[in-house]
>>> print(open('query-v2.cif').read())   # mmCIF, C-alpha atoms and all ligand atoms
data_upload
loop_
_atom_site.label_atom_id
_atom_site.label_comp_id
_atom_site.auth_asym_id
_atom_site.auth_seq_id
_atom_site.Cartn_x
_atom_site.Cartn_y
_atom_site.Cartn_z
CA MET F 1 154.90 -34.28 179.21
CA GLY F 2 156.99 -32.61 181.93
CA ARG F 3 156.68 -32.80 185.68
CA ILE F 4 153.98 -30.79 187.38
CA ALA F 5 154.14 -29.45 190.93
CA TYR F 6 151.33 -28.23 193.16
CA VAL F 7 152.13 -24.96 194.96
CA ASN F 8 149.56 -23.24 197.14
CA GLY F 9 146.48 -23.99 195.08
CA ARG F 10 148.06 -24.04 191.61
CA PHE F 11 149.48 -26.70 189.35
CA VAL F 12 152.65 -25.36 187.73
CA PRO F 13 155.47 -26.77 185.58
CA HIS F 14 158.08 -28.21 187.93
CA GLY F 15 160.81 -25.87 186.68
CA GLU F 16 158.67 -22.81 187.44
CA ALA F 17 157.46 -23.94 190.88
CA VAL F 18 158.60 -21.41 193.52
CA VAL F 19 157.86 -20.46 197.11
CA HIS F 20 158.33 -17.11 198.84
CA ILE F 21 161.76 -16.25 200.34
CA GLU F 22 160.09 -15.69 203.72
CA ASP F 23 158.39 -19.08 203.75
CA ARG F 24 159.12 -20.33 207.28
CA GLY F 25 159.94 -23.75 205.89
CA TYR F 26 162.77 -22.19 203.89
CA GLN F 27 164.09 -19.91 206.66
CA LEU F 28 163.47 -21.90 209.84
CA ALA F 29 162.67 -25.49 208.78
CA ASP F 30 159.25 -24.71 210.28
CA ALA F 31 157.53 -27.27 208.09
CA VAL F 32 156.57 -30.94 208.00
CA TYR F 33 156.42 -33.42 205.16
CA GLU F 34 155.20 -36.83 204.12
CA VAL F 35 156.30 -39.20 201.39
CA TRP F 36 154.01 -41.83 199.90
CA ALA F 37 155.19 -44.70 197.74
CA LEU F 38 153.07 -44.84 194.58
CA PHE F 39 152.01 -48.22 193.25
CA ASP F 40 150.15 -48.19 189.96
CA GLY F 41 149.43 -44.48 190.47
CA LYS F 42 147.93 -45.06 193.93
CA LEU F 43 149.08 -43.90 197.38
CA ALA F 44 150.52 -46.66 199.57
CA ASP F 45 149.70 -46.84 203.28
CA PRO F 46 147.32 -43.85 203.05
CA GLU F 47 145.93 -44.01 206.58
CA GLY F 48 149.35 -44.20 208.25
CA HIS F 49 150.73 -41.23 206.33
CA PHE F 50 147.65 -39.05 206.85
CA ALA F 51 147.56 -39.86 210.56
CA ARG F 52 151.26 -39.02 210.95
CA LEU F 53 150.87 -35.79 208.96
CA GLU F 54 148.04 -34.69 211.25
CA ARG F 55 150.10 -35.60 214.29
CA SER F 56 153.24 -33.77 213.05
CA LEU F 57 151.19 -30.65 212.28
CA GLY F 58 149.38 -30.88 215.62
CA GLU F 59 152.65 -31.14 217.56
CA LEU F 60 153.84 -27.92 215.86
CA ARG F 61 150.45 -26.21 216.09
CA ILE F 62 150.24 -25.76 212.32
CA ALA F 63 146.66 -26.04 211.00
CA MET F 64 145.77 -28.81 208.51
CA PRO F 65 145.80 -26.83 205.27
CA MET F 66 142.62 -28.53 204.08
CA THR F 67 140.45 -31.45 205.10
CA ARG F 68 141.86 -34.92 204.68
CA ALA F 69 139.35 -35.57 201.89
CA ALA F 70 140.35 -32.42 200.00
CA LEU F 71 144.02 -33.17 200.52
CA THR F 72 143.53 -36.67 199.14
CA LEU F 73 141.87 -35.25 196.02
CA VAL F 74 144.69 -32.78 195.41
CA LEU F 75 147.38 -35.39 196.04
CA LYS F 76 145.72 -37.76 193.58
CA GLU F 77 145.29 -35.00 191.02
CA THR F 78 148.99 -34.15 191.33
CA VAL F 79 149.86 -37.80 190.68
CA ARG F 80 147.44 -37.93 187.71
CA ARG F 81 148.89 -34.81 186.10
CA ASN F 82 152.38 -36.27 186.32
CA ARG F 83 151.25 -39.55 184.72
CA VAL F 84 153.45 -41.47 187.16
CA ARG F 85 152.42 -45.04 188.02
CA GLU F 86 155.40 -46.20 190.09
CA GLY F 87 157.08 -43.51 192.14
CA LEU F 88 157.02 -41.21 195.13
CA LEU F 89 154.68 -38.41 196.14
CA TYR F 90 156.12 -35.64 198.32
CA LEU F 91 153.96 -33.29 200.38
CA GLN F 92 155.33 -30.38 202.39
CA VAL F 93 153.31 -28.11 204.65
CA SER F 94 155.03 -25.09 206.19
CA ARG F 95 153.64 -22.69 208.79
CA GLY F 96 153.42 -20.17 205.96
CA VAL F 97 154.97 -16.91 204.83
CA ALA F 98 155.69 -14.18 207.40
CA LYS F 99 158.27 -11.50 208.21
CA ARG F 100 161.28 -13.32 209.65
CA ASP F 101 160.82 -13.82 213.39
CA HIS F 102 161.45 -17.01 215.34
CA ALA F 103 158.11 -16.90 217.19
CA PHE F 104 154.94 -17.89 215.34
CA PRO F 105 153.23 -15.18 213.26
CA ASN F 106 150.32 -13.67 215.13
CA PRO F 107 147.65 -13.76 213.81
CA PRO F 108 148.51 -17.07 212.14
CA VAL F 109 149.14 -17.09 208.40
CA ARG F 110 147.90 -19.65 205.88
CA PRO F 111 150.08 -22.80 205.77
CA ALA F 112 152.02 -23.17 202.52
CA VAL F 113 151.51 -26.44 200.66
CA VAL F 114 153.78 -28.01 198.06
CA MET F 115 153.44 -31.39 196.31
CA THR F 116 155.80 -33.05 193.85
CA VAL F 117 155.87 -36.46 192.19
CA SER F 118 158.85 -38.43 190.95
CA ALA F 119 159.06 -41.71 189.08
CA VAL F 120 160.83 -44.77 190.47
CA ASP F 121 162.36 -47.49 188.33
CA ARG F 122 160.96 -50.57 190.06
CA VAL F 123 163.09 -52.93 187.97
CA ALA F 124 166.27 -51.18 189.18
CA SER F 125 164.89 -51.10 192.76
CA GLU F 126 164.18 -54.84 192.70
CA ALA F 127 167.67 -55.52 191.36
CA ARG F 128 169.17 -53.43 194.17
CA ALA F 129 167.03 -55.22 196.75
CA ALA F 130 168.18 -58.58 195.39
CA ARG F 131 171.82 -57.51 195.83
CA GLY F 132 171.38 -55.73 199.17
CA VAL F 133 173.09 -52.53 200.25
CA GLY F 134 175.67 -51.33 202.73
CA VAL F 135 175.13 -48.92 205.62
CA VAL F 136 177.58 -46.88 207.67
CA THR F 137 177.17 -45.80 211.28
CA THR F 138 177.36 -42.23 212.55
CA PRO F 139 176.86 -40.65 215.99
CA GLU F 140 173.28 -39.57 216.75
CA ASN F 141 173.30 -35.78 216.68
CA ARG F 142 169.67 -34.84 216.02
CA TRP F 143 167.20 -32.94 218.19
CA GLY F 144 164.86 -34.56 220.71
CA ARG F 145 161.71 -34.62 218.55
CA CYS F 146 162.59 -36.98 215.72
CA ASP F 147 159.02 -38.32 216.04
CA ILE F 148 157.87 -35.17 214.21
CA LYS F 149 158.52 -35.44 210.47
CA THR F 150 160.00 -31.97 209.96
CA VAL F 151 162.06 -30.73 207.04
CA GLY F 152 164.91 -29.96 209.49
CA LEU F 153 167.03 -32.69 207.93
CA LEU F 154 170.57 -31.31 207.99
CA PRO F 155 171.99 -34.06 210.25
CA ASN F 156 170.22 -36.63 208.05
CA ALA F 157 171.64 -35.03 204.89
CA LEU F 158 175.18 -35.03 206.33
CA ALA F 159 174.80 -38.65 207.45
CA LYS F 160 173.53 -39.66 204.01
CA GLN F 161 176.47 -37.91 202.38
CA LYS F 162 178.85 -39.82 204.66
CA ALA F 163 177.18 -43.03 203.50
CA ARG F 164 177.41 -42.00 199.85
CA GLU F 165 181.14 -41.21 200.17
CA ALA F 166 181.71 -44.65 201.72
CA GLY F 167 179.88 -46.35 198.85
CA ALA F 168 176.94 -47.18 201.13
CA VAL F 169 173.25 -46.40 200.69
CA GLU F 170 172.15 -45.51 204.22
CA ALA F 171 173.60 -44.21 207.49
CA TRP F 172 172.48 -45.58 210.83
CA PHE F 173 172.53 -43.15 213.74
CA VAL F 174 174.01 -44.64 216.94
CA ASP F 175 173.06 -43.17 220.33
CA GLU F 176 175.37 -42.55 223.29
CA LEU F 177 174.61 -46.02 224.69
CA GLY F 178 175.82 -47.61 221.47
CA PHE F 179 172.42 -48.57 220.06
CA VAL F 180 171.22 -47.90 216.53
CA THR F 181 168.35 -45.41 216.60
CA GLU F 182 167.31 -45.43 212.93
CA GLY F 183 168.55 -44.62 209.44
CA ALA F 184 168.84 -41.14 207.94
CA SER F 185 165.64 -41.87 205.99
CA SER F 186 164.57 -45.33 207.14
CA ASN F 187 163.97 -47.55 210.15
CA ALA F 188 166.54 -50.24 210.99
CA TRP F 189 165.89 -53.96 211.56
CA ILE F 190 167.81 -57.18 212.11
CA VAL F 191 167.04 -60.87 212.18
CA ASP F 192 169.18 -61.54 215.24
CA ALA F 193 171.53 -64.46 215.86
CA GLU F 194 168.58 -66.41 217.33
CA GLY F 195 166.51 -65.76 214.20
CA ARG F 196 164.17 -63.27 215.84
CA LEU F 197 163.15 -60.02 214.16
CA ARG F 198 164.24 -56.96 216.06
CA THR F 199 163.64 -53.22 215.56
CA ARG F 200 163.83 -50.29 217.92
CA ASP F 201 160.64 -49.35 219.77
CA THR F 202 159.02 -46.04 218.84
CA ASN F 203 159.11 -44.66 222.39
CA ALA F 204 162.73 -43.85 221.53
CA ASN F 205 163.57 -40.62 219.71
CA ILE F 206 162.87 -41.95 216.23
CA LEU F 207 160.31 -41.48 213.49
CA ARG F 208 157.30 -43.76 213.71
CA GLY F 209 157.84 -45.20 210.27
CA VAL F 210 154.64 -45.93 208.40
CA THR F 211 156.35 -48.71 206.44
CA ARG F 212 157.67 -50.10 209.74
CA ASN F 213 154.15 -50.15 211.12
CA SER F 214 152.60 -51.78 208.05
CA LEU F 215 155.37 -54.36 208.03
CA LEU F 216 154.61 -55.16 211.68
CA ASP F 217 151.05 -56.01 210.54
CA VAL F 218 152.46 -58.29 207.84
CA ILE F 219 154.82 -59.96 210.33
CA ARG F 220 152.07 -60.61 212.87
CA ARG F 221 149.74 -61.92 210.19
CA GLU F 222 152.48 -64.36 209.19
CA GLY F 223 152.68 -65.52 212.80
CA MET F 224 156.28 -64.34 213.08
CA GLU F 225 157.62 -62.82 216.28
CA VAL F 226 159.18 -59.42 216.59
CA ASP F 227 161.07 -57.91 219.46
CA GLU F 228 160.78 -54.11 219.61
CA ARG F 229 164.16 -53.61 221.24
CA PRO F 230 167.27 -51.72 220.11
CA PHE F 231 170.41 -53.40 218.79
CA THR F 232 174.05 -52.37 218.44
CA PRO F 233 176.03 -52.27 215.17
CA ALA F 234 178.02 -55.29 216.51
CA GLU F 235 174.76 -57.21 216.96
CA ALA F 236 173.78 -56.30 213.40
CA VAL F 237 177.07 -57.69 212.09
CA ALA F 238 176.56 -60.86 214.16
CA ALA F 239 172.92 -61.11 213.01
CA LYS F 240 171.60 -63.47 210.35
CA GLU F 241 170.16 -60.57 208.36
CA ALA F 242 169.53 -56.85 208.47
CA PHE F 243 167.27 -54.55 206.50
CA ILE F 244 165.77 -51.07 206.41
CA THR F 245 162.21 -49.88 205.82
CA GLY F 246 160.80 -46.65 204.42
CA ALA F 247 158.49 -45.31 201.74
CA GLY F 248 161.50 -44.88 199.45
CA THR F 249 163.28 -48.16 200.15
CA LEU F 250 160.22 -50.31 201.06
CA VAL F 251 162.02 -53.29 202.65
CA LEU F 252 165.66 -53.26 201.61
CA PRO F 253 168.22 -55.90 202.67
CA VAL F 254 171.39 -54.60 204.34
CA ILE F 255 174.45 -56.76 203.67
CA ALA F 256 177.20 -54.74 205.35
CA VAL F 257 177.60 -52.37 208.30
CA ASP F 258 180.69 -50.14 208.16
CA GLY F 259 182.12 -52.52 205.57
CA LYS F 260 181.67 -55.64 207.74
CA PRO F 261 179.39 -58.28 206.23
CA VAL F 262 176.08 -59.02 207.95
CA GLY F 263 175.55 -62.78 208.25
CA GLU F 264 176.69 -64.32 204.99
CA GLY F 265 176.95 -60.90 203.36
CA ARG F 266 174.02 -61.59 201.04
CA ALA F 267 170.40 -60.41 200.95
CA GLY F 268 168.68 -62.85 203.32
CA PRO F 269 165.52 -64.93 202.87
CA VAL F 270 163.53 -63.23 205.65
CA ALA F 271 164.13 -59.72 204.30
CA LYS F 272 163.36 -60.86 200.75
CA LYS F 273 160.12 -62.52 201.83
CA LEU F 274 159.06 -59.52 203.92
CA ARG F 275 159.77 -57.21 200.98
CA ARG F 276 157.51 -59.31 198.73
CA LEU F 277 154.72 -59.52 201.33
CA TYR F 278 154.92 -55.82 202.17
CA ILE F 279 154.70 -54.81 198.51
CA GLU F 280 151.76 -57.17 197.96
CA GLN F 281 149.90 -55.67 200.91
CA ALA F 282 150.78 -52.07 199.95
CA ARG F 283 149.62 -52.61 196.36
CA ALA F 284 146.37 -54.19 197.55
CA THR F 285 145.54 -51.40 200.01
CA ALA F 286 146.75 -48.35 198.04
CA ILE F 287 144.12 -45.73 197.20
N1 LIG K 301 163.19 -42.59 209.72
C1 LIG K 301 163.49 -41.44 209.11
C2 LIG K 301 164.45 -40.50 209.77
C3 LIG K 301 162.88 -41.11 207.88
O1 LIG K 301 163.18 -39.94 207.28
C4 LIG K 301 162.01 -42.04 207.27
C5 LIG K 301 161.38 -41.77 205.99
O2 LIG K 301 161.66 -40.82 205.31
C6 LIG K 301 161.74 -43.24 207.94
C7 LIG K 301 162.35 -43.48 209.17
C8 LIG K 301 160.79 -44.25 207.35
O3 LIG K 301 159.48 -43.78 207.47
P1 LIG K 301 158.34 -44.22 206.48
O4 LIG K 301 158.29 -45.72 206.53
O5 LIG K 301 157.11 -43.61 207.05
O6 LIG K 301 158.70 -43.72 205.14
#
>>> encode(input="query-v2.cif", output="C-alpha cells", more="lines below")
Ligand code: PLP
Amino acid sequence: MGRIAYVNGRFVPHGEAVVHIEDRGYQLADAVYEVWALFDGKLADPEGHFARLERSLGELRIAMPMTRAALTLVLKETVRRNRVREGLLYLQVSRGVAKRDHAFPNPPVRPAVVMTVSAVDRVASEARAARGVGVVTTPENRWGRCDIKTVGLLPNALAKQKAREAGAVEAWFVDELGFVTEGASSNAWIVDAEGRLRTRDTNANILRGVTRNSLLDVIRREGMEVDERPFTPAEAVAAKEAFITGAGTLVLPVIAVDGKPVGEGRAGPVAKKLRRLYIEQARATAI
C-alpha cells in the first residue's frame, strides 16, 4: 500500500497531494510545522510537540486549525493509514490561501493543514548512532525568531547541504561571539572536559527542542548534572563527547567537528546511555 497524505480535510495518495499556488506557506514561508518521532505507530513526546505547535501558531497569530483532541485523532489516523510503526510524522499549518500580499489576509482565511508520514529504518539508525557522525560549523545567519518553528528553513537547508558536501550529517550554527547556537535540525550538546553535560539555554535564539526538553527530564531523573550554557566548537573538540538531539536523530553521538575528532573520536558512553534512556522513555510515553 502506498503513502497517504492528509491535505485540508482529505486523505489522498501521496503522489496526488497538492496545495494551492497561493498558499502563504508556499509563497511567504508563512507556516509552522512539527515533527513527531513514531515508535510502534505512536507519537513520541506528544505534550511537548502540541504545546510548541500552539505556541508557534500563537506567536504568528494563526488560529489552531482544530482542537488538540481533533488534531490528535487526525494525526493518528494519518499514521494508521500509512501503516508505519517506526518513522516520522510531519504536520504543517500555514496561514492559508489568499491573494499574494505580505500583510495578513483580512478577514482571516482558514489555515491550511498538511500531514505526511515516512518510515524510518531503526536498525540503520542504531548502527549510525553506534558509529557516531560528523558535524561542520557555519556562521549563524538566521532571523531573530528561531524559537518559532516556521517552514522558513533556507539557511538551515544551505547549512545542511554544506554538511552533506563535507561528508558530515549536521551543521552547527556559530554566533558572532563564537558560540554554537544549535544544529540545522537539532540541538547541540557536549560532555565537557570536566565531564559535565552542557547545552545552550533556550533564552538564546534557538528552537526549544522537544527532544532536548525530554532528555533534560531523563538526565535529572538519573541524578546527572547539566549546565545550560553555550560552548564553542573548540570546546566541543576538547570535550569528552558531543551529541545532537531532535525528533529525527533522537540522541545521536557526534564524533567530529569540522573534521577534528571529539574526545577519542568514537561514540561516547554518556551519549549512548542517554540515547537508550531517551528512547525507553519516549516509547513508554508515546500515545
Ligand atoms: N533545532 C532546529 C533548528 C530544528 O529544526 C530541530 C528539529 O527539527 C531541533 C532543534 C530539534 O527539535 P525537536 O527535538 O523538537 O525535534
>>> residues_near_ligand(input="query-v2.cif", ligand="ligand LIG 301 (chain K)", cutoff="7 Å", atoms="only C-alpha atoms and all ligand atoms", output="list of chain:residue names")
F:Val35, F:His49, F:Glu182, F:Gly183, F:Ala184, F:Ser185, F:Ser186, F:Asn187, F:Ile206, F:Leu207, F:Arg208, F:Gly209, F:Val210, F:Thr211, F:Arg212, F:Thr245, F:Gly246, F:Ala247, F:Gly248
>>> atom_distance(input="query-v2.cif", atom1="CA of Phe50 in chain F", atom2="CA of Glu34 in chain F")
8.3 Å
>>> closest_residue(input="query-v2.cif", among="F:Arg81, F:Arg198, F:Lys240, F:Arg122", to="Gly268 in chain F", atoms="all atoms listed in the file")
F:Lys240
>>> atom_distance(input="query-v2.cif", atom1="CA of Gly259 in chain F", atom2="CA of Val123 in chain F")
25.9 Å
>>> atom_distance(input="query-v2.cif", atom1="CA of Arg266 in chain F", atom2="CA of Ala242 in chain F")
9.9 Å
>>> closest_residue(input="query-v2.cif", among="F:Lys273, F:Val79, F:Glu86, F:Asn205", to="Ala124 in chain F", atoms="all atoms listed in the file")
F:Glu86
>>> closest_residue(input="query-v2.cif", among="F:Arg10, F:Lys260, F:His102, F:Arg220", to="Thr137 in chain F", atoms="all atoms listed in the file")
F:Lys260
>>> closest_residue(input="query-v2.cif", among="F:Ala103, F:Val84, F:Val135, F:Ala238", to="Lys42 in chain F", atoms="all atoms listed in the file")
F:Val84
>>> closest_residue(input="query-v2.cif", among="F:Leu73, F:Arg85, F:Val180, F:His14", to="Asp121 in chain F", atoms="only C-alpha atoms")
F:Arg85
>>> closest_residue(input="query-v2.cif", among="F:Thr78, F:Ser94, F:Thr67, F:Gln27", to="Ala112 in chain F", atoms="all atoms listed in the file")
F:Ser94
>>> residues_around(input="query-v2.cif", residues="Ile255 in chain F", least_positions_apart="3", cutoff="6 Å", atoms="all atoms listed in the file", output="PDB file with C-alpha atoms, in the coordinates of the input")
ATOM      1  CA  GLY F 132     171.380 -55.730 199.170  1.00  0.00           C
ATOM      2  CA  VAL F 133     173.090 -52.530 200.250  1.00  0.00           C
ATOM      3  CA  GLY F 134     175.670 -51.330 202.730  1.00  0.00           C
ATOM      4  CA  PRO F 261     179.390 -58.280 206.230  1.00  0.00           C
ATOM      5  CA  VAL F 262     176.080 -59.020 207.950  1.00  0.00           C
ATOM      6  CA  GLY F 265     176.950 -60.900 203.360  1.00  0.00           C
ATOM      7  CA  ARG F 266     174.020 -61.590 201.040  1.00  0.00           C
TER       8      ARG F 266
END
>>> residues_around(input="query-v2.cif", residues="Asp175 in chain F", least_positions_apart="5", cutoff="9 Å", atoms="all atoms listed in the file", output="MDAnalysis selection string")
chainID F and resid 138:141 180:181
>>> residues_near_point(input="query-v2.cif", point="(158.9, -27.8, 184.8)", cutoff="10 Å", atoms="all atoms listed in the file", output="number ranges by chain")
F: 1-5, 12-17
>>> residues_near_point(input="query-v2.cif", point="(147.7, -26.2, 194.4)", cutoff="10 Å", atoms="all atoms listed in the file", output="list in words")
Ala5, Tyr6, Val7, Asn8, Gly9, Arg10, Phe11, Val12, Leu71, Val74, Leu75, Glu77, Thr78, Ala112, Val113, Val114 and Met115 of chain F
>>> residues_around(input="query-v2.cif", residues="Val251 in chain F", least_positions_apart="4", cutoff="8 Å", atoms="only C-alpha atoms", output="ChimeraX atom specification")
/F:129,243-246,271-272,274-275,278
>>> axis_aligned_box(input="query-v2.cif", around="range 185-191 of chain F", padding_each_side="8 Å", output="JSON")
{"center_x": 165.9, "center_y": -51.4, "center_z": 209.1, "size_x": 19.8, "size_y": 35.0, "size_z": 22.2}
>>> decode(input="query-v2.cif", residues="range 77-99 of chain F", atoms="N, CA and C atoms", output="PDB file, in the first residue's frame")
ATOM      1  N   GLU F  77      -4.854   8.969  12.699  1.00  0.00           N
ATOM      2  CA  GLU F  77      -5.470   8.323  11.537  1.00  0.00           C
ATOM      3  C   GLU F  77      -4.514   8.352  10.339  1.00  0.00           C
ATOM      4  N   THR F  78      -3.775   9.446  10.204  1.00  0.00           N
ATOM      5  CA  THR F  78      -2.802   9.535   9.106  1.00  0.00           C
ATOM      6  C   THR F  78      -1.718   8.464   9.286  1.00  0.00           C
ATOM      7  N   VAL F  79      -1.272   8.293  10.521  1.00  0.00           N
ATOM      8  CA  VAL F  79      -0.263   7.261  10.793  1.00  0.00           C
ATOM      9  C   VAL F  79      -0.844   5.882  10.467  1.00  0.00           C
ATOM     10  N   ARG F  80      -2.086   5.646  10.932  1.00  0.00           N
ATOM     11  CA  ARG F  80      -2.722   4.332  10.726  1.00  0.00           C
ATOM     12  C   ARG F  80      -2.831   4.013   9.234  1.00  0.00           C
ATOM     13  N   ARG F  81      -3.281   4.996   8.459  1.00  0.00           N
ATOM     14  CA  ARG F  81      -3.476   4.742   7.023  1.00  0.00           C
ATOM     15  C   ARG F  81      -2.165   4.464   6.295  1.00  0.00           C
ATOM     16  N   ASN F  82      -1.064   4.941   6.859  1.00  0.00           N
ATOM     17  CA  ASN F  82       0.238   4.687   6.230  1.00  0.00           C
ATOM     18  C   ASN F  82       0.870   3.377   6.704  1.00  0.00           C
ATOM     19  N   ARG F  83       0.261   2.777   7.722  1.00  0.00           N
ATOM     20  CA  ARG F  83       0.758   1.510   8.287  1.00  0.00           C
ATOM     21  C   ARG F  83       2.238   1.602   8.662  1.00  0.00           C
ATOM     22  N   VAL F  84       2.637   2.756   9.174  1.00  0.00           N
ATOM     23  CA  VAL F  84       4.035   2.925   9.605  1.00  0.00           C
ATOM     24  C   VAL F  84       4.113   2.741  11.110  1.00  0.00           C
ATOM     25  N   ARG F  85       5.040   1.910  11.573  1.00  0.00           N
ATOM     26  CA  ARG F  85       5.232   1.699  13.015  1.00  0.00           C
ATOM     27  C   ARG F  85       6.400   2.548  13.528  1.00  0.00           C
ATOM     28  N   GLU F  86       7.499   2.530  12.796  1.00  0.00           N
ATOM     29  CA  GLU F  86       8.684   3.300  13.203  1.00  0.00           C
ATOM     30  C   GLU F  86       8.921   4.364  12.132  1.00  0.00           C
ATOM     31  N   GLY F  87       8.852   5.625  12.517  1.00  0.00           N
ATOM     32  CA  GLY F  87       9.008   6.643  11.482  1.00  0.00           C
ATOM     33  C   GLY F  87       8.879   8.052  12.012  1.00  0.00           C
ATOM     34  N   LEU F  88       8.435   8.924  11.115  1.00  0.00           N
ATOM     35  CA  LEU F  88       8.276  10.341  11.431  1.00  0.00           C
ATOM     36  C   LEU F  88       6.928  10.830  10.905  1.00  0.00           C
ATOM     37  N   LEU F  89       6.314  11.688  11.676  1.00  0.00           N
ATOM     38  CA  LEU F  89       5.027  12.283  11.296  1.00  0.00           C
ATOM     39  C   LEU F  89       5.255  13.789  11.157  1.00  0.00           C
ATOM     40  N   TYR F  90       4.924  14.324   9.996  1.00  0.00           N
ATOM     41  CA  TYR F  90       5.137  15.746   9.712  1.00  0.00           C
ATOM     42  C   TYR F  90       3.790  16.444   9.640  1.00  0.00           C
ATOM     43  N   LEU F  91       3.681  17.553  10.339  1.00  0.00           N
ATOM     44  CA  LEU F  91       2.463  18.385  10.298  1.00  0.00           C
ATOM     45  C   LEU F  91       2.866  19.795   9.915  1.00  0.00           C
ATOM     46  N   GLN F  92       2.161  20.368   8.945  1.00  0.00           N
ATOM     47  CA  GLN F  92       2.406  21.756   8.582  1.00  0.00           C
ATOM     48  C   GLN F  92       1.090  22.517   8.606  1.00  0.00           C
ATOM     49  N   VAL F  93       1.113  23.682   9.217  1.00  0.00           N
ATOM     50  CA  VAL F  93      -0.073  24.543   9.245  1.00  0.00           C
ATOM     51  C   VAL F  93       0.336  25.902   8.684  1.00  0.00           C
ATOM     52  N   SER F  94      -0.284  26.302   7.572  1.00  0.00           N
ATOM     53  CA  SER F  94       0.024  27.628   7.026  1.00  0.00           C
ATOM     54  C   SER F  94      -1.132  28.579   7.343  1.00  0.00           C
ATOM     55  N   ARG F  95      -0.883  29.873   7.141  1.00  0.00           N
ATOM     56  CA  ARG F  95      -1.943  30.855   7.433  1.00  0.00           C
ATOM     57  C   ARG F  95      -3.127  30.656   6.483  1.00  0.00           C
ATOM     58  N   GLY F  96      -2.883  29.994   5.355  1.00  0.00           N
ATOM     59  CA  GLY F  96      -3.969  29.695   4.437  1.00  0.00           C
ATOM     60  C   GLY F  96      -3.702  30.239   3.046  1.00  0.00           C
ATOM     61  N   VAL F  97      -4.718  30.201   2.228  1.00  0.00           N
ATOM     62  CA  VAL F  97      -4.611  30.598   0.825  1.00  0.00           C
ATOM     63  C   VAL F  97      -5.248  31.978   0.657  1.00  0.00           C
ATOM     64  N   ALA F  98      -4.489  32.910   0.073  1.00  0.00           N
ATOM     65  CA  ALA F  98      -5.017  34.265  -0.148  1.00  0.00           C
ATOM     66  C   ALA F  98      -4.229  34.917  -1.278  1.00  0.00           C
ATOM     67  N   LYS F  99      -4.835  35.903  -1.933  1.00  0.00           N
ATOM     68  CA  LYS F  99      -4.155  36.673  -2.972  1.00  0.00           C
ATOM     69  C   LYS F  99      -2.836  37.198  -2.411  1.00  0.00           C
TER      70      LYS F  99
END
